[in-house]
Every structure is written in structure tokens, then in C-alpha cells.
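Take a look at the structure below.
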Amino acid sequence: MDLKDEIQRVRLWVNQIGNFWLRLVWHFVHLLVRSWYLGVGVANVIESYLISSGLLRRYRFIDVGKLRYLAIVVESDDACQISKVIQLLQWLQAFGVKHLCLYDTEGVLKKSKESILAKLKNATLFEEADERDPLLDQKHMTLEFASITDGKEAVAKGGNLLFMKYLKLANSGAEQKEQIFTEANLTEALRAVGYGGPEPDLLLVYGPARCHLGFPAWRIRYTEIIHMGPLKSMRYGSLVKAIYKFTMVRQNYGT
Amino acid sequence: MQLPEGLRRESMPRHVAVIMDGNSRWARQRGLLTPSGHEAGLRSMKEFIKLCLQWGIKVVTVFAFSIDNWTRPKEEVDIVMTLIENLLKSGLDDFIREGTRVSIIGDTSRVPESLQRTICEIQEMTRENSKFHFIMAISYSGTYDLVEACKSVAQKVRDGVIQVEEINESVVQHELETKCSEFPCPDLLIRTSGEVRISNFLLWQSAYSELFFAKALVL
């Protein structure tokens with residue numbers, strides 16, 4: 001009995017020592033990983049500074065013409081920092097970005113569009129630009145403001161337009177009703193109900209979560225999505241890097 | 001099952017979606033032919049599903065083949081279809097034993113007939129399972145999903161089931177292909193290969209999904 005107890009006690013002791021060392025190893029590995037990410041964060045800040053000051057050659061000459069349409073998604077809480085949003089737009093304007101869409105879920109930016117436009121030189125609303133093709137307008141910076149109502153609700157409204165056409169054909173006994181529902185027709189229907197903005201080439205997300213927060217789904221099939229972090233920590237260098245990376249991308253579109 | 005240190009059960013996603021991209025590049029990097037990449041991709045997908053099952057994730061949706069992929073060389077498409085069919089057939093016993101329900105979303109009218117039969121069979125045989133839901137998107141795109149949802153809504157209106165005035169985003173959502181799932185919207189959407197776009201996958205459903213773009217070429 002004493003021997004058994006002794007063995008049991010030794011086993012327990014060995015287990016406890018083993019667990020202690022395992023926990024130590026785990027915390028050490030955790031520390032290494034945290035140090036790595038800290039190092040990466042510091043490197044990003046330094047790189048951002050170097051990009052902003054023009055010291056990194058490859059970021060000096062970027063073909064911004066490849067970026068036909070840019071979308072910016074801002075968390076609605078961050079969107080209240082209008083001065084930050086204006087600064088971001090001024091950076092983009094100076095960089096040569098001509099056409100962009102500003103989105104936040106609750107429409108905070110939509111409500112502030114007048115004050116935003118007032119702070120930018122030569123900026124106009126997307127809806128007021130050249131009707132034939134707003135993206136051809138190179139004189140002004142065009143701004144589109146969107147919110148959650150331009151997303152799923154818009155698809156339902158666009159769908160309604162097609163439903164009415166479908167019912168009309170069904171009631172008249174015509175045979176082509178199945179061809180009403182095509183992707184091209186839904187795109188046209190969205191345009192007809194006022195939700196037909198262009199598909200952004202690049203979407204930058206400013207907020208804590210890497211999530212597009214309900215940006216009009218129909219428009220982001222092949223959009224590059226980059227998470228930029230919270231708006232309050234935005235850096236010019238990170239913005240340039242994101243646009244540069246976009247210009248280097250080659251899409252296969254599934255082929 | 002015990003979760004690894006650092007993962008909290010209450011924070012685990014209920015639905016994880018995956019875009020399996022990078023198989024061809026994986027094969028090229030190793031001097032192999034493209035089909036080897038697809039085989040490797042499917043093998044790692046099986047391991048991933050096993051892990052999700054163990055960690056209590058309820059739904060996994062995998063983007064196995066996009067509508068855009070039909071433009072790839074016929075030989076490659078045929079190989080992918082064969083691999084998918086073999087995966088479903090060979091996995092049937094495991095799916096049944098583990099209580100996994102299998103659903104296929106997408107325009108399956110375009111896939112080979114033998115795969116269509118396998119799809120019907122596996123969906124029927126696993127319909128009552130409820131422990132885990134594995135959804136495979138084959139010949140799928142988000143825009144196709146939305147257009148089909150609109151068609152379904154139109155038919156319901158024609159049949160008098162709903163009125164036009166009642167159509168809203170909720171009605172559309174309930175007609176999407178993911179209506180087969182208890183949790184149609186993914187909490188987390190992972191894409192491998194380092195590309196940072198969702199390539200027409202679960203467009204509507206991913207509105208509030210956390211997006212994770214992994215540099216790895218296979219899962």
C-alpha cells in the first residue's frame with residue numbers, strides 16, 4: 001500500500017512538472033509569435049515612412065490609371081471622423097485617383113457628403129458626372145456615396161423590376177419569360193432603379209474587422225479587397241503600398 | 001473535443017467558407033502537372049473538414065468549381081469533375097458515420113451525368129444528418145445564385161404564393177442556394193493562394209463575413 005501510494009505520488013509529481021514545462025514552452029512560443037508580429041508592425045511603420053518620403057524607388061512611379069474605380073469601406077463608427085475621411089480623400093486626389101465610392105453601413109458618409117465635397121477641389125458627385133460614362137470624366141474627382149440600402153435592398157428592387165416584366169409576359173402568354181432572369185438583365189435593372197454603379201477594381205476596408213460590411217454585393221465579384229486597419233491609424237505609405245500591389249496583380253477570372 | 005489552447009468555444013465560427021485557390025500553382029512549384037495540384041487540394045480539404053468537425057464548426061462551404069472555371073481546358077475540367085465524384089463516392093460512408101449532411105450548390109445541370117447521379121444519391125442519403133453540414137459549391141457563382149433566387153421568387157409570385165409588394169431582401173435571401181443551411185451566411189471566409197478577392201463566391205451571404213486571405217497554396 002505504501003509503495004503504491006509512493007508510486008502514485010511520484011507519478012503526480014512528474015505530471016505536474018511535465019505540465020509546468022509544457023506551459024512554459026507554450027508561453028515561450030506565444031512570446032516568439034507576439035515578438036514576430038510586433039517586429040512586422042514596426043517594419044510596416046518604417047516602410048510606410050520610407051514610401052511617404054519617396055525613398056523607395058518602386059513606389060515613386062505607379063500606374064494609377066490601372067485603378068479605374070476605387071471603393072473605400074469605413075466602419076460607421078470611424079466614419080464620424082469626417083476630418084480623417086477628408087484627409088484620406090485628399091491623399092487619393094493628390095495621388096491621382098479620379099473615381100471612387102465611399103461606403104459605410106449606416107450612411108454616415110452620405111449624410112456628410114456636402115461637407116466632404118466642400119473640402120475637396122474639383123470634386124463632384126458621381127451621379128452628376130458625364131452621363132455617358134462617368135469614368136471618362138478625367139477633369140473632376142467623382143465621388144459616389146453608398147450605404148447598406150444600396151446593397152441587398154437594391155438587389156430586391158432590381159429584382160422587382162424583372163418580376164414585373166416577367167408577370168407581364170406570363171399574363172400575355174409569351175414564351176420568352178425564362179430569358180428575363182439573366183445576369184445582364186439584373187445588371188440593367190439595378191441601373192434602371194438607380195443602383196448601377198461601376199464595379200470597383202480595388203476596395204480598401206478601414207475598420208477593425210476585415211469585412212466589407214455589406215458593400216453592394218453585385219459589384220464586387222472580382223474586386224481586390226485590402227484591409228487597411230482602423231481609420232485613425234491610416235498612413236499615406238500604406239495607402240500607396242495597397243495601390244501599388246493592386247497594379248501588380250494579374251487576374252485569371254477563373255481560367 | 002478539447003479545443004487547442006487559445007481558441008474559445010464561444011468565439012468559434014458556426015459557418016466557415018473556403019475558396020480553394022492555388023492548386024495549379026502548387027503543382028507548378030513542385031514540377032508536377034496541374035491534376036496533382038487538384039488532388040492535393042482535395043486531400044487537404046478532407047483534412048480541413050475533419051478538423052472543423054472536431055472543433056464543433058457546424059457548416060463548411062467549399063468553392064470547388066466556379067462557373068468561370070468552365071473556360072479552362074476540357075481535360076483539366078474532366079479531371080476535376082472525376083476527382084470531385086471520387087471524393088463524394090469514397091467519402092459517403094464517412095459522411096454517414098459522422099452524421100454529416102452533404103449539399104451541393106450551383107448549376108449542376110452542366111456537370112457530367114454520372115456526377116449528377118452521385119450528387120443526387122449523396123444528398124438523399126445524408127439528408128437526415130444534422131451533426132455537421134458540408135456544402136460543396138460546384139459550377140457556382142454568386143451572381144448565378146442571385147439570378148436563380150429572383151427566378152424562384154418570380155415563380156412564387158406567378159403562383160400567388162407571395163405578392164410583389166411583399167418582396168424584400170429577406171424574401172430574396174430565403175431563395176438563395178444556401179437556404180439548405182441553418183446558418184447560410186459564413187462567419188469566416190478563407191481564400192488560399194494569397195489572392196485578395198472573393199471571385200464571385202457567396203456575394204450576398206458574405207456581407208459581414210470576416211475575410212482571411214491566406215498565402216498558402218493549399219489549405
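Going through the C-alpha cells in order, the chains are called A, B, and so on, while each chain numbers its residues from 1 and the ligands are numbered from 1 in the order shown.
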Item to complete: Please determine the contact residues of chain A with respect to chain B at a cut-off of 8 Å, counting only C-alpha atoms, and supply them as a ChimeraX atom specification.
Response: /A:152-153,155-157,159-160,163,166-167,170,181-183,186,209-215,217-218,220-226,253-255
Discussion item. Could you go through stretch 27-57 of chain B and tell me which residues DSSP, when run on the backbone, assigns to helix (DSSP H, G or I), listing them as a ChimeraX atom specification?
Written reply: /B:27-29,34-54
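Closest approach to A:Tyr103 from the set A:Leu239, A:Val29, A:Ile72, A:Leu162 is made by A:Ile72, with distances taken over only C-alpha atoms.
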Practice prompt. Run DSSP on the backbone and give me the residues of stretch 72-152 of chain B it puts in strand (DSSP E or B), as a PyMOL selection string.
Written response: chain B and resi 100-105+132-140
What does the file look like for those residues with all heavy atoms, as a short mmCIF file (atom, residue, chain, number, x, y, z; two decimals), in the first residue's frame?
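What ended up in result-v6.cif:
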data_model
loop_
_atom_site.label_atom_id
_atom_site.label_comp_id
_atom_site.auth_asym_id
_atom_site.auth_seq_id
_atom_site.Cartn_x
_atom_site.Cartn_y
_atom_site.Cartn_z
N THR B 100 -22.75 13.63 -41.09
CA THR B 100 -22.55 14.80 -41.94
C THR B 100 -23.62 14.85 -43.02
O THR B 100 -23.83 13.86 -43.73
CB THR B 100 -21.17 14.76 -42.60
OG1 THR B 100 -20.18 14.79 -41.59
CG2 THR B 100 -20.96 15.92 -43.55
N ARG B 101 -24.22 16.00 -43.16
CA ARG B 101 -25.15 16.21 -44.27
C ARG B 101 -24.36 16.85 -45.41
O ARG B 101 -23.59 17.78 -45.18
CB ARG B 101 -26.28 17.13 -43.83
CG ARG B 101 -27.29 17.36 -44.93
CD ARG B 101 -28.39 18.30 -44.54
NE ARG B 101 -29.17 18.65 -45.71
CZ ARG B 101 -30.06 19.62 -45.77
NH1 ARG B 101 -30.29 20.35 -44.70
NH2 ARG B 101 -30.74 19.85 -46.86
N VAL B 102 -24.53 16.34 -46.61
CA VAL B 102 -23.81 16.89 -47.76
C VAL B 102 -24.81 17.57 -48.68
O VAL B 102 -25.85 17.00 -49.02
CB VAL B 102 -23.07 15.77 -48.54
CG1 VAL B 102 -22.35 16.36 -49.75
CG2 VAL B 102 -22.08 15.05 -47.63
N SER B 103 -24.51 18.81 -49.05
CA SER B 103 -25.35 19.52 -50.02
C SER B 103 -24.46 20.08 -51.12
O SER B 103 -23.34 20.49 -50.85
CB SER B 103 -26.10 20.68 -49.35
OG SER B 103 -26.96 20.23 -48.37
N ILE B 104 -24.98 20.09 -52.32
CA ILE B 104 -24.24 20.65 -53.44
C ILE B 104 -25.01 21.86 -53.95
O ILE B 104 -26.23 21.79 -54.17
CB ILE B 104 -24.10 19.62 -54.59
CG1 ILE B 104 -23.54 18.30 -54.07
CG2 ILE B 104 -23.24 20.19 -55.73
CD1 ILE B 104 -22.16 18.37 -53.47
N ILE B 105 -24.34 22.99 -54.09
CA ILE B 105 -24.99 24.19 -54.64
C ILE B 105 -24.31 24.56 -55.95
O ILE B 105 -23.13 24.31 -56.13
CB ILE B 105 -24.98 25.37 -53.64
CG1 ILE B 105 -23.54 25.78 -53.28
CG2 ILE B 105 -25.76 25.02 -52.39
CD1 ILE B 105 -23.46 27.04 -52.42
N PHE B 132 -23.22 17.87 -38.73
CA PHE B 132 -22.32 18.75 -39.46
C PHE B 132 -22.85 18.87 -40.89
O PHE B 132 -23.41 17.92 -41.43
CB PHE B 132 -20.91 18.11 -39.46
CG PHE B 132 -19.87 18.88 -40.23
CD1 PHE B 132 -19.35 20.07 -39.73
CD2 PHE B 132 -19.39 18.41 -41.44
CE1 PHE B 132 -18.39 20.78 -40.43
CE2 PHE B 132 -18.42 19.12 -42.15
CZ PHE B 132 -17.91 20.30 -41.64
N HIS B 133 -22.68 20.06 -41.48
CA HIS B 133 -23.20 20.28 -42.84
C HIS B 133 -22.04 20.67 -43.75
O HIS B 133 -21.38 21.69 -43.53
CB HIS B 133 -24.26 21.39 -42.82
CG HIS B 133 -25.12 21.41 -44.04
ND1 HIS B 133 -26.21 22.26 -44.18
CD2 HIS B 133 -25.06 20.70 -45.19
CE1 HIS B 133 -26.78 22.05 -45.35
NE2 HIS B 133 -26.10 21.12 -45.99
N PHE B 134 -21.79 19.83 -44.76
CA PHE B 134 -20.73 20.10 -45.72
C PHE B 134 -21.40 20.50 -47.03
O PHE B 134 -22.14 19.73 -47.63
CB PHE B 134 -19.86 18.84 -45.89
CG PHE B 134 -18.89 18.92 -47.04
CD1 PHE B 134 -18.09 20.04 -47.22
CD2 PHE B 134 -18.75 17.87 -47.93
CE1 PHE B 134 -17.19 20.12 -48.27
CE2 PHE B 134 -17.85 17.93 -48.98
CZ PHE B 134 -17.08 19.06 -49.16
N ILE B 135 -21.14 21.75 -47.44
CA ILE B 135 -21.73 22.25 -48.67
C ILE B 135 -20.62 22.43 -49.70
O ILE B 135 -19.61 23.09 -49.43
CB ILE B 135 -22.43 23.61 -48.44
CG1 ILE B 135 -23.50 23.49 -47.36
CG2 ILE B 135 -23.04 24.12 -49.74
CD1 ILE B 135 -24.13 24.81 -46.95
N MET B 136 -20.83 21.83 -50.85
CA MET B 136 -19.82 21.95 -51.91
C MET B 136 -20.42 22.77 -53.05
O MET B 136 -21.50 22.45 -53.56
CB MET B 136 -19.48 20.55 -52.41
CG MET B 136 -18.09 20.45 -52.98
SD MET B 136 -17.71 18.76 -53.40
CE MET B 136 -15.96 18.86 -53.46
N ALA B 137 -19.73 23.85 -53.41
CA ALA B 137 -20.21 24.70 -54.50
C ALA B 137 -19.55 24.23 -55.79
O ALA B 137 -18.33 24.33 -55.93
CB ALA B 137 -19.88 26.16 -54.21
N ILE B 138 -20.37 23.68 -56.69
CA ILE B 138 -19.86 23.16 -57.96
C ILE B 138 -20.60 23.88 -59.08
O ILE B 138 -21.83 23.93 -59.08
CB ILE B 138 -20.11 21.64 -58.06
CG1 ILE B 138 -19.45 20.91 -56.89
CG2 ILE B 138 -19.57 21.08 -59.38
CD1 ILE B 138 -19.77 19.43 -56.84
N SER B 139 -19.86 24.44 -60.03
CA SER B 139 -20.46 25.23 -61.11
C SER B 139 -21.34 26.34 -60.51
O SER B 139 -22.49 26.52 -60.90
CB SER B 139 -21.30 24.29 -62.02
OG SER B 139 -21.77 24.99 -63.15
N TYR B 140 -20.76 27.04 -59.58
CA TYR B 140 -21.49 28.05 -58.81
C TYR B 140 -20.89 29.44 -59.02
O TYR B 140 -19.70 29.59 -59.31
CB TYR B 140 -21.38 27.70 -57.31
CG TYR B 140 -21.96 28.75 -56.39
CD1 TYR B 140 -23.30 28.69 -56.00
CD2 TYR B 140 -21.18 29.79 -55.92
CE1 TYR B 140 -23.84 29.66 -55.16
CE2 TYR B 140 -21.72 30.77 -55.08
CZ TYR B 140 -23.04 30.69 -54.70
OH TYR B 140 -23.56 31.67 -53.89
#
Worksheet entry | Gap from atom CA of B:Glu113 to atom CA of B:Gly99 - Å, one decimal | 26.6 Å
Worksheet, complete the sentence: Students should find that atom CA of A:Arg68 and atom CA of A:Ile148 are spaced 22.9 Å
Worksheet entry | Distance query B:Ala27 at most 10 Å, only C-alpha atoms, self and fewer than 2 positions along chain excluded, as JSON, numbers by chain | {"B": [22, 23, 24, 25, 29, 30, 31, 32, 33, 34, 35, 36, 37, 38, 39, 40, 41, 217]}
Discussion item. I want to know what sits within 12 Å of A:Ala94, based on only C-alpha atoms, with residues of the same chain fewer than 3 positions away left out; could you give that as a ChimeraX atom specification?
Written reply: /A:64,87-91,97-98,120-122,141,236,240
Discussion item. Need the shell around B:Lys58: protein/DNA/RNA residues with any atom at most 12 Å away, counting only C-alpha atoms. Skip same-chain ones fewer than 4 positions apart. Format as number ranges by chain?
Written reply: B: 12-17, 49-54, 99-101, 129-135, 181-187
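Interatomic distance, atom CA of A:Asp104 against atom CA of A:Thr142: 17.3 Å.
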